[in-house]
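Chemist: Have a look at the structure that comes next, please.
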Amino acid sequence: MISDIIKKQIQQTVKQLDLPEVDITLEHPGEESHGDYSCNVAMILAAKAKKNPRELAKTIVDKLNNNKDLKSVVETIEVAGPGFINFWLSNTYLHKKLEQIVSDKQEIPTYHLGPEKKIMIEYAHPNTHKLLHIGHLRNITLAESIVRLLEAVGNKIIRANYQGDVGMHIAKCIYGMVQSGKKTPKSLDEKIEYLGTSYKEGNSAYEDNPKAKEEIHVINKKIYNKDPEILKLWNETRQWSLDYYDEFYKRVYSRFDRFYFESEVYNSGLKISKQALKDGILEKSKGAVVFNGEPYNLHTRVYITGEGNPTYEGKELGLANIEFSEHGAIDKCIHIVGSEQASFFESTFKVEELLDPKKYKGKQLHYIYGFVRLKKGKMSSRKGTVITAQWLLDEVKSKISKAFEVDKESAEIIMIAAVKYSMLKVDPKSEIAFDINQSISLEGNSGPYLQYTYARCKSILRKSNAIKSKTNTQPNEKETAILRILYKYPEVVLEAAKTYSPNIICNYLFDLAQKYNGFYNKHKVVGGENEAFRLELTKATAKVINNGLSLLGIKTLERM
């Protein structure tokens, strides 16, 4: 990347001046009039060498201006303020980057989390017999984009999904079904609705009826023990949920390489927890087996209950053992889960590290994301009432069908863009108040706005002849603004991947779209002056928007 070239030349200059070696950082100035890159190295060195930072900056700039390698790509280097060094890239370099984009030769730098270049990303995590809610939608949306970003910088990704297919919520659901006595519904939609109603009724009975509560506990034990009396119904209804989830994953362009289940890791989790007890990692406390987190400034958590069953923590040990064994060596396992599980992961990561440091130490990450709600209304699951992910998608699609003159297939693509982009454009750790009307707006920072900009570019290109020979006309201010953002795409992707932050891609694409539309509204492309160059700008803008949206898990439309 060009930033690496600039940093290398600054480092060499610092060495030539017999100044201390320091880390060189470059930033894009907040004001575009201040250049393409800015560096504060003179201010850092001045403090160490007890020199005037502005004078030192001038000395460094004089050296840099005589550097032929640097001046081949940088047009202007100036000192600003108390000692900042600002760099303006040359038009020759910017045009070269434009040509690379147009010819699909723009390269994304590599970034690996370890020598194996293999990362497991564990996400979605639905509980069978329950509906997917809008929290799951943000989880899947974030994870899918992070998967694509890490793949873009050269990693092999294993998409994993750990699902709760045992537990009290299922016992409550099956109790509700047994009590209703209804015949098995035929369609999948009817089956899922039946599960939701049954859970709601079973949950109410559990809270209000002591006898029902006792019966639900019996059902729960039968599920864990795989009692034939309940196993057939459990398997059948479990599959309903898995079919429903599979349809949803396809709808939002996601998929998985491996599905893990809580029932699958029950025995191994219990076995490993017992071994950890023998090894002195876990200890007995009030009839249960716990990890005493106090020496590590962590909470104490239970791994085996007084009844001898592994807790969610205990089962996590079994899950980690499988995840880190069946795929060969992996460099990182990223668990995309809300903040409410922070203490859980701190405990299990530490226990796993103590069990096998070589296998686990430094290789697990709990990726926390913020809660999501509607701007108007609440989300509650206590009584089985949730704002479902499916409802939100359908509601947004309905509004798009009314607002846009598009067919059903296009409405679906626009809807996915509207919902995903709204969840990706903010910092992942921030909470979201989802605004349906804002999400479909063509006037602001939205997925449909970016899709529309892409479609506009494609429309212009369809009206033109094939891109002609290049011209040497000096770009105007609006054209230069586009050139000065297009070259940044690889470093934006790299930064987004390194920080697991899809919002960085969103900010970049919105900035690019605004600059292109500002140019388009003022200047004629087809039939205008400097047509060939403007068509190249248009083609490059379309390619970058398309590529960027793909990293967000969003499709584009040729017409809108």
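Going by the structure tokens order, chains are called A, B, ..., each with residues numbered from 1, while ligands are numbered from 1 in the order shown.
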Just asking: which residues within region 107-230 of chain A are strand (DSSP E or B) according to DSSP, as a list in words?

Modeler: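 Going through region 107-230 of chain A, the strand (DSSP E or B) residues come out as Lys118, Ile119, Met120, Ile121, Glu122, Asn127, His133, Lys156, Ile157, Ile158, Arg159, Ala160, Asn161, Tyr162, Gln163 and Gly164 of chain A.
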
Chemist: Find the residues near Glu340 (chain A): any atom within 12 Å, counting only C-alpha atoms, skip ones fewer than 2 places away on the same chain, and give them as number ranges by chain.

Modeler: A: 336-338, 342-346, 366-371

Chemist: Given the selection you just returned, output its residues as a file containing N, CA and C atoms, formatted as a PDB file, in the first residue's frame.

Modeler:
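Contents of part_23.pdb, as written:
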ATOM      1  N   ILE A 336     -19.177 -14.793  18.537  1.00  0.00           N
ATOM      2  CA  ILE A 336     -19.950 -13.555  18.394  1.00  0.00           C
ATOM      3  C   ILE A 336     -21.220 -13.686  19.233  1.00  0.00           C
ATOM      4  N   VAL A 337     -21.173 -13.089  20.414  1.00  0.00           N
ATOM      5  CA  VAL A 337     -22.219 -13.245  21.425  1.00  0.00           C
ATOM      6  C   VAL A 337     -22.359 -11.921  22.183  1.00  0.00           C
ATOM      7  N   GLY A 338     -23.553 -11.628  22.665  1.00  0.00           N
ATOM      8  CA  GLY A 338     -23.824 -10.383  23.372  1.00  0.00           C
ATOM      9  C   GLY A 338     -23.045 -10.240  24.675  1.00  0.00           C
ATOM     10  N   ALA A 342     -20.322 -12.105  28.935  1.00  0.00           N
ATOM     11  CA  ALA A 342     -18.916 -11.742  29.143  1.00  0.00           C
ATOM     12  C   ALA A 342     -18.278 -12.550  30.272  1.00  0.00           C
ATOM     13  N   SER A 343     -18.942 -12.644  31.427  1.00  0.00           N
ATOM     14  CA  SER A 343     -18.386 -13.386  32.571  1.00  0.00           C
ATOM     15  C   SER A 343     -18.259 -14.869  32.246  1.00  0.00           C
ATOM     16  N   PHE A 344     -19.228 -15.390  31.515  1.00  0.00           N
ATOM     17  CA  PHE A 344     -19.209 -16.800  31.107  1.00  0.00           C
ATOM     18  C   PHE A 344     -17.950 -17.108  30.302  1.00  0.00           C
ATOM     19  N   PHE A 345     -17.665 -16.285  29.289  1.00  0.00           N
ATOM     20  CA  PHE A 345     -16.514 -16.549  28.435  1.00  0.00           C
ATOM     21  C   PHE A 345     -15.195 -16.291  29.156  1.00  0.00           C
ATOM     22  N   GLU A 346     -15.150 -15.294  30.015  1.00  0.00           N
ATOM     23  CA  GLU A 346     -13.929 -15.061  30.783  1.00  0.00           C
ATOM     24  C   GLU A 346     -13.570 -16.303  31.598  1.00  0.00           C
ATOM     25  N   HIS A 366     -14.091 -13.294  22.621  1.00  0.00           N
ATOM     26  CA  HIS A 366     -15.521 -13.018  22.751  1.00  0.00           C
ATOM     27  C   HIS A 366     -15.780 -11.669  22.089  1.00  0.00           C
ATOM     28  N   TYR A 367     -16.433 -11.705  20.942  1.00  0.00           N
ATOM     29  CA  TYR A 367     -16.752 -10.485  20.199  1.00  0.00           C
ATOM     30  C   TYR A 367     -18.127 -10.000  20.654  1.00  0.00           C
ATOM     31  N   ILE A 368     -18.139  -8.863  21.322  1.00  0.00           N
ATOM     32  CA  ILE A 368     -19.367  -8.337  21.909  1.00  0.00           C
ATOM     33  C   ILE A 368     -20.015  -7.317  20.975  1.00  0.00           C
ATOM     34  N   TYR A 369     -21.317  -7.408  20.825  1.00  0.00           N
ATOM     35  CA  TYR A 369     -22.051  -6.425  20.028  1.00  0.00           C
ATOM     36  C   TYR A 369     -23.228  -5.892  20.847  1.00  0.00           C
ATOM     37  N   GLY A 370     -23.730  -4.750  20.447  1.00  0.00           N
ATOM     38  CA  GLY A 370     -24.771  -4.075  21.212  1.00  0.00           C
ATOM     39  C   GLY A 370     -26.170  -4.624  20.974  1.00  0.00           C
ATOM     40  N   PHE A 371     -27.038  -4.325  21.915  1.00  0.00           N
ATOM     41  CA  PHE A 371     -28.440  -4.733  21.855  1.00  0.00           C
ATOM     42  C   PHE A 371     -29.140  -3.984  20.717  1.00  0.00           C
TER      43      PHE A 371
END

Chemist: What's the 9 Å shell around Ile216 (chain A), counting only C-alpha atoms, without same-chain residues fewer than 4 positions away, as a PyMOL selection string?

Modeler: chain A and resi 168+171-172+174-175+202+206+211-212+220-221

Chemist: Write the residues of the preceding selection, restricted to N, CA and C atoms, as a JSON list (two decimals), in the first residue's frame.

Modeler:
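Everything below was put into selection.json:
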[["chain", "number", "residue", "atom", "x", "y", "z"],
["A", 168, "MET", "N", -34.68, -26.19, 29.52],
["A", 168, "MET", "CA", -36.04, -25.98, 30.02],
["A", 168, "MET", "C", -36.96, -25.37, 28.98],
["A", 171, "ALA", "N", -38.45, -28.18, 27.08],
["A", 171, "ALA", "CA", -39.39, -28.94, 27.91],
["A", 171, "ALA", "C", -40.71, -28.18, 28.03],
["A", 172, "LYS", "N", -40.65, -26.87, 28.17],
["A", 172, "LYS", "CA", -41.85, -26.05, 28.25],
["A", 172, "LYS", "C", -42.64, -26.12, 26.95],
["A", 174, "ILE", "N", -42.57, -28.54, 24.62],
["A", 174, "ILE", "CA", -43.15, -29.88, 24.43],
["A", 174, "ILE", "C", -44.33, -30.09, 25.38],
["A", 175, "TYR", "N", -44.23, -29.58, 26.59],
["A", 175, "TYR", "CA", -45.36, -29.66, 27.53],
["A", 175, "TYR", "C", -46.58, -28.96, 26.92],
["A", 202, "GLY", "N", -46.59, -23.20, 27.59],
["A", 202, "GLY", "CA", -45.80, -23.98, 28.53],
["A", 202, "GLY", "C", -45.09, -23.09, 29.54],
["A", 206, "TYR", "N", -45.61, -23.08, 33.57],
["A", 206, "TYR", "CA", -44.45, -23.28, 34.45],
["A", 206, "TYR", "C", -44.43, -22.24, 35.56],
["A", 211, "LYS", "N", -47.93, -27.93, 39.65],
["A", 211, "LYS", "CA", -47.98, -29.28, 39.11],
["A", 211, "LYS", "C", -47.37, -29.31, 37.70],
["A", 212, "ALA", "N", -47.72, -28.32, 36.90],
["A", 212, "ALA", "CA", -47.17, -28.23, 35.54],
["A", 212, "ALA", "C", -45.65, -28.05, 35.59],
["A", 220, "ASN", "N", -37.95, -32.46, 30.95],
["A", 220, "ASN", "CA", -36.58, -32.01, 30.73],
["A", 220, "ASN", "C", -35.57, -33.13, 30.98],
["A", 221, "LYS", "N", -35.78, -33.88, 32.06],
["A", 221, "LYS", "CA", -34.89, -35.01, 32.36],
["A", 221, "LYS", "C", -34.98, -36.09, 31.30]]

Chemist: To one decimal place in Å, what is the distance between CA of Val419 (chain A) and CA of Ser439 (chain A)?

Modeler: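 If I compute the distance from CA of Val419 (chain A) to CA of Ser439 (chain A), I get 6.4 Å.
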
Chemist: Can you list, as a short mmCIF file (atom, residue, chain, number, x, y, z; two decimals) with C-alpha atoms, in the first residue's frame, every residue of region 103-322 of chain A that DSSP puts in helix (DSSP H, G or I)?

Modeler:
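What follows is the written file selection27.cif:
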data_model
loop_
_atom_site.label_atom_id
_atom_site.label_comp_id
_atom_site.auth_asym_id
_atom_site.auth_seq_id
_atom_site.Cartn_x
_atom_site.Cartn_y
_atom_site.Cartn_z
CA ILE A 134 -33.99 -9.18 15.83
CA GLY A 135 -30.99 -9.74 18.12
CA HIS A 136 -30.18 -12.87 16.14
CA LEU A 137 -30.49 -10.81 12.98
CA ARG A 138 -27.83 -8.35 14.11
CA ASN A 139 -25.63 -11.24 15.23
CA ILE A 140 -25.84 -12.98 11.85
CA THR A 141 -25.48 -9.73 9.91
CA LEU A 142 -22.34 -8.69 11.80
CA ALA A 143 -20.79 -12.14 11.68
CA GLU A 144 -21.42 -12.64 7.97
CA SER A 145 -19.65 -9.38 7.19
CA ILE A 146 -16.73 -10.20 9.51
CA VAL A 147 -16.39 -13.60 7.80
CA ARG A 148 -16.20 -11.93 4.40
CA LEU A 149 -13.75 -9.29 5.58
CA LEU A 150 -11.36 -11.85 7.06
CA GLU A 151 -11.61 -13.96 3.91
CA ALA A 152 -10.82 -10.86 1.82
CA MET A 168 -36.04 -25.98 30.02
CA HIS A 169 -37.31 -23.89 27.11
CA ILE A 170 -37.75 -27.07 25.05
CA ALA A 171 -39.39 -28.94 27.91
CA LYS A 172 -41.85 -26.05 28.25
CA CYS A 173 -42.57 -26.10 24.52
CA ILE A 174 -43.15 -29.88 24.43
CA TYR A 175 -45.36 -29.66 27.53
CA GLY A 176 -47.46 -27.03 25.75
CA MET A 177 -47.76 -29.23 22.67
CA VAL A 178 -48.77 -32.30 24.68
CA GLN A 179 -51.37 -30.31 26.58
CA SER A 180 -52.87 -28.79 23.43
CA LEU A 188 -43.29 -25.18 7.99
CA ASP A 189 -44.81 -21.77 8.80
CA GLU A 190 -47.65 -23.47 10.66
CA LYS A 191 -45.21 -25.71 12.53
CA ILE A 192 -43.11 -22.74 13.66
CA GLU A 193 -46.21 -20.85 14.75
CA TYR A 194 -47.28 -23.95 16.69
CA LEU A 195 -43.90 -24.09 18.45
CA GLY A 196 -44.19 -20.45 19.43
CA THR A 197 -47.70 -20.85 20.81
CA SER A 198 -46.77 -24.03 22.65
CA TYR A 199 -43.73 -22.41 24.28
CA LYS A 200 -45.80 -19.43 25.37
CA GLU A 201 -48.43 -21.70 26.95
CA GLY A 202 -45.80 -23.98 28.53
CA ASN A 203 -43.91 -21.01 29.97
CA SER A 204 -47.09 -19.58 31.50
CA ALA A 205 -47.97 -22.95 33.01
CA TYR A 206 -44.45 -23.28 34.45
CA GLU A 207 -44.74 -19.94 36.22
CA ASP A 208 -48.35 -20.24 37.39
CA PRO A 210 -46.77 -25.94 40.49
CA LYS A 211 -47.98 -29.28 39.11
CA ALA A 212 -47.17 -28.23 35.54
CA LYS A 213 -43.76 -27.03 36.70
CA GLU A 214 -43.02 -30.47 38.14
CA GLU A 215 -44.16 -32.20 34.93
CA ILE A 216 -41.97 -29.90 32.82
CA HIS A 217 -38.94 -30.82 34.92
CA VAL A 218 -39.72 -34.49 34.30
CA ILE A 219 -39.91 -33.83 30.54
CA ASN A 220 -36.58 -32.01 30.73
CA LYS A 221 -34.89 -35.01 32.36
CA LYS A 222 -36.38 -37.34 29.77
CA ILE A 223 -34.93 -35.19 26.97
CA TYR A 224 -31.44 -35.27 28.52
CA PRO A 228 -37.90 -43.11 23.96
CA GLU A 229 -41.19 -41.75 25.29
CA ILE A 230 -40.17 -38.21 24.41
CA LEU A 231 -37.29 -38.70 21.94
CA LYS A 232 -39.43 -39.00 18.79
CA LEU A 233 -41.35 -35.78 19.47
CA TRP A 234 -38.13 -33.99 20.45
CA ASN A 235 -36.36 -35.06 17.23
CA GLU A 236 -39.33 -34.16 15.06
CA THR A 237 -39.87 -30.71 16.54
CA ARG A 238 -36.14 -30.01 16.68
CA GLN A 239 -35.98 -30.60 12.93
CA TRP A 240 -38.81 -28.13 12.38
CA SER A 241 -36.63 -25.45 13.96
CA LEU A 242 -33.55 -26.44 11.97
CA ASP A 243 -35.50 -26.29 8.71
CA TYR A 244 -36.86 -22.88 9.68
CA TYR A 245 -33.37 -21.60 10.54
CA ASP A 246 -31.96 -22.95 7.29
CA GLU A 247 -34.53 -21.01 5.26
CA PHE A 248 -33.71 -17.86 7.19
CA TYR A 249 -29.94 -18.22 6.73
CA LYS A 250 -30.45 -18.53 2.98
CA ARG A 251 -32.66 -15.46 2.98
CA GLU A 262 -25.73 -28.62 23.15
CA SER A 263 -26.93 -32.23 23.28
CA GLU A 264 -23.81 -33.25 21.32
CA TYR A 266 -23.20 -32.90 27.09
CA ASN A 267 -21.18 -36.05 27.82
CA SER A 268 -17.79 -34.71 26.71
CA GLY A 269 -18.35 -31.54 28.72
CA LEU A 270 -19.14 -33.59 31.81
CA LYS A 271 -16.07 -35.79 31.28
CA ILE A 272 -13.70 -32.85 30.80
CA SER A 273 -15.15 -31.01 33.80
CA LYS A 274 -14.56 -34.09 35.99
CA GLN A 275 -10.99 -34.31 34.72
CA ALA A 276 -10.51 -30.61 35.49
CA LEU A 277 -11.71 -31.36 39.01
CA LYS A 278 -9.10 -34.13 39.37
CA GLU A 294 -11.09 -15.12 42.52
CA PRO A 295 -7.33 -15.72 42.01
CA TYR A 296 -7.78 -14.49 38.42
CA TYR A 312 -23.65 -24.39 30.15
CA GLU A 313 -20.07 -23.69 31.26
CA GLY A 314 -19.31 -27.40 31.55
CA LYS A 315 -20.72 -28.10 28.11
CA GLU A 316 -18.63 -25.27 26.69
CA LEU A 317 -15.50 -27.24 27.62
CA GLY A 318 -16.77 -30.13 25.52
CA LEU A 319 -17.59 -27.78 22.64
CA ALA A 320 -14.13 -26.14 22.68
CA ASN A 321 -12.45 -29.55 22.64
CA ILE A 322 -14.32 -30.54 19.48
#

Chemist: Between A:Ile460, A:Ile400, A:Leu26, A:Cys333, which residue has the minimum interatomic distance to Ala160 (chain A), considering only C-alpha atoms?

Modeler: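 Closest residue, counting only C-alpha atoms: A:Cys333.
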
Chemist: Compile the contact shell of Glu107 (chain A) as an MDAnalysis selection string: residues with an atom at most 10 Å away, counting only C-alpha atoms, same-chain residues fewer than 3 positions apart removed.

Modeler: chainID A and resid 1 100:101 104 110 152:153 489:491

Chemist: Considering only C-alpha atoms, can you say which of A:Pro428, A:Pro448, A:Pro20, A:Gly81 comes closest to Arg559 (chain A)?

Modeler: A:Pro448

Chemist: Find the residues near Glu116 (chain A): any atom within 10 Å, counting only C-alpha atoms, skip ones fewer than 2 places away on the same chain, and give them as number ranges by chain.

Modeler: A: 112-114, 118-119, 155-156, 328-332

Chemist: With distances taken over only C-alpha atoms, which residue among A:Glu479, A:Asp62, A:Glu536, A:Asp427 lies nearest Asn507 (chain A)?

Modeler: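 Among A:Glu479, A:Asp62, A:Glu536, A:Asp427, it is A:Asp427 that comes nearest to Asn507 (chain A).
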
Chemist: Go through A:Asn52, A:Thr59, A:Thr499, A:Thr92 one by one, measure the shortest atom-to-atom distance of each to Gln474 (chain A) using only C-alpha atoms, and give the residue with the smallest value.

Modeler: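 Smallest separation from Gln474 (chain A) among the options: A:Thr92.
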